[in-house]
>>> print(open('final-v1.cif').read())   # mmCIF, C-alpha atoms; chains and numbers go by the auth columns
data_final
#
loop_
_atom_site.group_PDB
_atom_site.id
_atom_site.type_symbol
_atom_site.label_atom_id
_atom_site.label_comp_id
_atom_site.label_asym_id
_atom_site.label_seq_id
_atom_site.Cartn_x
_atom_site.Cartn_y
_atom_site.Cartn_z
_atom_site.B_iso_or_equiv
_atom_site.auth_seq_id
_atom_site.auth_asym_id
ATOM 1 C CA MET A 1 25.562 -17.818 8.504 0.00 1 A
ATOM 2 C CA THR A 2 24.392 -17.390 4.912 0.00 2 A
ATOM 3 C CA ARG A 3 21.895 -14.741 3.926 0.00 3 A
ATOM 4 C CA ARG A 4 18.961 -15.513 1.699 0.00 4 A
ATOM 5 C CA PRO A 5 17.904 -12.956 -0.905 0.00 5 A
ATOM 6 C CA VAL A 6 14.875 -10.862 -0.023 0.00 6 A
ATOM 7 C CA ASP A 7 12.965 -11.755 -3.188 0.00 7 A
ATOM 8 C CA THR A 8 12.644 -15.537 -3.029 0.00 8 A
ATOM 9 C CA GLY A 9 9.743 -15.706 -5.495 0.00 9 A
ATOM 10 C CA ASP A 10 10.038 -17.893 -8.552 0.00 10 A
ATOM 11 C CA PRO A 11 11.050 -15.528 -11.399 0.00 11 A
ATOM 12 C CA ASP A 12 8.904 -17.430 -13.916 0.00 12 A
ATOM 13 C CA ARG A 13 5.838 -17.107 -11.697 0.00 13 A
ATOM 14 C CA LEU A 14 6.460 -13.415 -11.056 0.00 14 A
ATOM 15 C CA TYR A 15 6.856 -12.871 -14.805 0.00 15 A
ATOM 16 C CA MET A 16 3.496 -14.548 -15.434 0.00 16 A
ATOM 17 C CA VAL A 17 1.733 -12.671 -12.624 0.00 17 A
ATOM 18 C CA THR A 18 2.826 -9.290 -13.971 0.00 18 A
ATOM 19 C CA GLY A 19 2.550 -10.130 -17.652 0.00 19 A
ATOM 20 C CA GLY A 20 6.252 -9.433 -18.059 0.00 20 A
ATOM 21 C CA ARG A 21 6.098 -5.912 -16.661 0.00 21 A
ATOM 22 C CA HIS A 22 8.774 -4.995 -14.140 0.00 22 A
ATOM 23 C CA ARG A 23 7.703 -1.527 -12.996 0.00 23 A
ATOM 24 C CA VAL A 24 4.715 0.757 -12.743 0.00 24 A
ATOM 25 C CA ASP A 25 4.670 3.663 -15.201 0.00 25 A
ATOM 26 C CA ASP A 26 3.607 6.166 -12.557 0.00 26 A
ATOM 27 C CA ASP A 27 4.490 6.083 -8.892 0.00 27 A
ATOM 28 C CA SER A 28 0.883 5.933 -7.640 0.00 28 A
ATOM 29 C CA PHE A 29 1.524 3.765 -4.616 0.00 29 A
ATOM 30 C CA ASP A 30 3.579 4.295 -1.499 0.00 30 A
ATOM 31 C CA LEU A 31 4.124 1.504 1.028 0.00 31 A
ATOM 32 C CA VAL A 32 1.538 3.049 3.343 0.00 32 A
ATOM 33 C CA THR A 33 -1.046 3.936 0.676 0.00 33 A
ATOM 34 C CA LEU A 34 -4.366 2.453 1.741 0.00 34 A
ATOM 35 C CA ILE A 35 -6.200 0.373 -0.831 0.00 35 A
ATOM 36 C CA VAL A 36 -9.970 -0.181 -0.767 0.00 36 A
ATOM 37 C CA SER A 37 -11.967 -2.551 -2.986 0.00 37 A
ATOM 38 C CA GLU A 38 -14.707 -0.894 -5.011 0.00 38 A
ATOM 39 C CA CYS A 39 -16.297 -4.101 -6.313 0.00 39 A
ATOM 40 C CA GLU A 40 -16.578 -7.795 -5.671 0.00 40 A
ATOM 41 C CA PRO A 41 -14.306 -10.270 -7.476 0.00 41 A
ATOM 42 C CA VAL A 42 -15.751 -11.650 -10.703 0.00 42 A
ATOM 43 C CA PRO A 43 -15.243 -15.088 -12.246 0.00 43 A
ATOM 44 C CA GLY A 44 -12.259 -15.295 -14.551 0.00 44 A
ATOM 45 C CA MET A 45 -10.137 -12.742 -12.702 0.00 45 A
ATOM 46 C CA GLN A 46 -6.466 -13.361 -12.152 0.00 46 A
ATOM 47 C CA SER A 47 -6.154 -15.084 -8.762 0.00 47 A
ATOM 48 C CA GLU A 48 -3.870 -12.368 -7.340 0.00 48 A
ATOM 49 C CA HIS A 49 -6.379 -9.668 -8.311 0.00 49 A
ATOM 50 C CA LEU A 50 -9.108 -11.710 -6.654 0.00 50 A
ATOM 51 C CA HIS A 51 -7.086 -11.995 -3.415 0.00 51 A
ATOM 52 C CA ILE A 52 -6.361 -8.263 -3.420 0.00 52 A
ATOM 53 C CA LEU A 53 -10.061 -7.404 -3.780 0.00 53 A
ATOM 54 C CA GLN A 54 -10.921 -9.777 -0.936 0.00 54 A
ATOM 55 C CA LEU A 55 -8.153 -8.390 1.303 0.00 55 A
ATOM 56 C CA CYS A 56 -9.101 -4.795 0.665 0.00 56 A
ATOM 57 C CA ARG A 57 -12.730 -4.870 1.703 0.00 57 A
ATOM 58 C CA HIS A 58 -11.403 -2.695 4.508 0.00 58 A
ATOM 59 C CA PRO A 59 -8.539 -0.216 3.953 0.00 59 A
ATOM 60 C CA THR A 60 -5.286 -2.172 3.676 0.00 60 A
ATOM 61 C CA SER A 61 -1.805 -0.797 3.072 0.00 61 A
ATOM 62 C CA VAL A 62 0.306 -1.807 0.100 0.00 62 A
ATOM 63 C CA VAL A 63 2.918 -3.372 2.362 0.00 63 A
ATOM 64 C CA GLU A 64 0.245 -5.461 4.138 0.00 64 A
ATOM 65 C CA ILE A 65 -1.045 -6.723 0.800 0.00 65 A
ATOM 66 C CA SER A 66 2.497 -7.645 -0.192 0.00 66 A
ATOM 67 C CA ALA A 67 2.974 -9.601 3.042 0.00 67 A
ATOM 68 C CA GLU A 68 -0.378 -11.381 2.768 0.00 68 A
ATOM 69 C CA LEU A 69 0.228 -12.434 -0.836 0.00 69 A
ATOM 70 C CA ALA A 70 3.898 -13.260 -0.188 0.00 70 A
ATOM 71 C CA LEU A 71 4.838 -11.228 -3.257 0.00 71 A
ATOM 72 C CA PRO A 72 7.446 -8.489 -3.650 0.00 72 A
ATOM 73 C CA VAL A 73 6.098 -4.954 -3.264 0.00 73 A
ATOM 74 C CA THR A 74 7.006 -4.089 -6.852 0.00 74 A
ATOM 75 C CA VAL A 75 4.847 -6.955 -8.131 0.00 75 A
ATOM 76 C CA VAL A 76 1.970 -5.889 -5.877 0.00 76 A
ATOM 77 C CA LYS A 77 2.241 -2.310 -7.185 0.00 77 A
ATOM 78 C CA ILE A 78 1.915 -3.605 -10.751 0.00 78 A
ATOM 79 C CA LEU A 79 -1.172 -5.624 -9.811 0.00 79 A
ATOM 80 C CA LEU A 80 -2.659 -2.637 -7.989 0.00 80 A
ATOM 81 C CA SER A 81 -2.092 -0.382 -10.989 0.00 81 A
ATOM 82 C CA ASP A 82 -4.101 -2.856 -13.103 0.00 82 A
ATOM 83 C CA LEU A 83 -6.970 -2.735 -10.624 0.00 83 A
ATOM 84 C CA LEU A 84 -6.784 1.047 -10.291 0.00 84 A
ATOM 85 C CA ALA A 85 -6.904 1.489 -14.069 0.00 85 A
ATOM 86 C CA THR A 86 -10.135 -0.530 -14.202 0.00 86 A
ATOM 87 C CA ARG A 87 -11.540 1.312 -11.143 0.00 87 A
ATOM 88 C CA LYS A 88 -11.843 -1.862 -9.099 0.00 88 A
ATOM 89 C CA ILE A 89 -9.936 -0.230 -6.221 0.00 89 A
ATOM 90 C CA THR A 90 -9.298 3.230 -4.865 0.00 90 A
ATOM 91 C CA ALA A 91 -6.036 4.397 -3.356 0.00 91 A
ATOM 92 C CA ARG A 92 -6.006 6.651 -0.312 0.00 92 A
ATOM 93 C CA HIS A 93 -2.663 8.354 -0.020 0.00 93 A
ATOM 94 C CA PRO A 94 -1.297 9.397 3.378 0.00 94 A
ATOM 95 C CA ARG A 95 -1.574 13.066 4.227 0.00 95 A
ATOM 96 C CA ALA A 96 1.539 15.150 3.987 0.00 96 A
ATOM 97 C CA ALA A 97 3.066 16.356 7.235 0.00 97 A
ATOM 98 C CA PRO A 98 2.241 19.969 8.033 0.00 98 A
ATOM 99 C CA ALA A 99 4.827 22.579 7.217 0.00 99 A
ATOM 100 C CA ARG A 100 6.959 23.793 10.100 0.00 100 A
ATOM 101 C CA ALA A 101 5.301 27.211 9.951 0.00 101 A
ATOM 102 C CA GLU A 102 1.885 25.587 10.550 0.00 102 A
ATOM 103 C CA LEU A 103 2.955 23.912 13.803 0.00 103 A
ATOM 104 C CA PRO A 104 2.031 25.592 17.091 0.00 104 A
ATOM 105 C CA ASP A 105 4.669 27.680 18.830 0.00 105 A
ATOM 106 C CA SER A 106 6.664 25.675 21.395 0.00 106 A
ATOM 107 C CA ALA A 107 6.137 28.405 24.034 0.00 107 A
ATOM 108 C CA LEU A 108 2.368 28.021 23.636 0.00 108 A
ATOM 109 C CA LEU A 109 2.645 24.256 23.988 0.00 109 A
ATOM 110 C CA LYS A 110 4.686 24.677 27.160 0.00 110 A
ATOM 111 C CA GLN A 111 2.012 26.989 28.614 0.00 111 A
ATOM 112 C CA VAL A 112 -0.689 24.422 27.815 0.00 112 A
ATOM 113 C CA LEU A 113 1.377 21.675 29.451 0.00 113 A
ATOM 114 C CA ASP A 114 1.922 23.800 32.564 0.00 114 A
ATOM 115 C CA GLY A 115 -1.815 24.530 32.718 0.00 115 A
ATOM 116 C CA LEU A 116 -2.684 20.839 32.448 0.00 116 A
ATOM 117 C CA GLN A 117 -0.214 19.911 35.187 0.00 117 A
ATOM 118 C CA LYS A 118 -1.858 22.450 37.544 0.00 118 A
ATOM 119 C CA LEU A 119 -5.264 20.782 37.157 0.00 119 A
#
>>> encode(input="final-v1.cif", output="structure tokens")
Amino acid sequence: MTRRPVDTGDPDRLYMVTGGRHRVDDDSFDLVTLIVSECEPVPGMQSEHLHILQLCRHPTSVVEISAELALPVTVVKILLSDLLATRKITARHPRAAPARAELPDSALLKQVLDGLQKL
């Protein structure tokens, strides 16, 4: 069995879509960052930007956008950074997990569980 490469996109097309850029300057987007459109598509927009704005009328993760557009995540991040710079989208980053010290004591959780089982 032969394996196909993950990125099967045409390199020439990907080069044109990103304007030759191959990475985002800042790491603004995680795979689970939710993207929301802040405006409607306008005539003359790049077709990928247009599709992203249409997809993101409701919060949509970066990885979902990548799958819908059939583009590598790195390309999608470049496109998203363009839209973010022009304030056409907003990015909602996932919340950080609470620190271990902020979690309830396991003895307290056990008492709550025992209380619920007695109901």
>>> closest_residue(input="final-v1.cif", among="A:Leu80, A:Ala107, A:Val112, A:Ala96", to="Leu53 (chain A)", atoms="only C-alpha atoms")
A:Leu80
>>> closest_residue(input="final-v1.cif", among="A:Thr33, A:Thr86, A:Ser81, A:Ser106", to="Thr60 (chain A)", atoms="all atoms listed in the file")
A:Thr33
>>> atom_distance(input="final-v1.cif", atom1="CA of Ala67 (chain A)", atom2="CA of Val36 (chain A)")
16.5 Å
>>> atom_distance(input="final-v1.cif", atom1="CA of His58 (chain A)", atom2="CA of Val42 (chain A)")
18.2 Å
>>> resolve_selection(input="final-v1.cif", expression="the PyMOL selection byres ((chain A and resi 63) around 10)", output="PyMOL selection string")
chain A and resi 30-34+60-62+64-69+71-73+76-77
>>> atom_distance(input="final-v1.cif", atom1="CA of Gln46 (chain A)", atom2="CA of Pro94 (chain A)")
28.0 Å
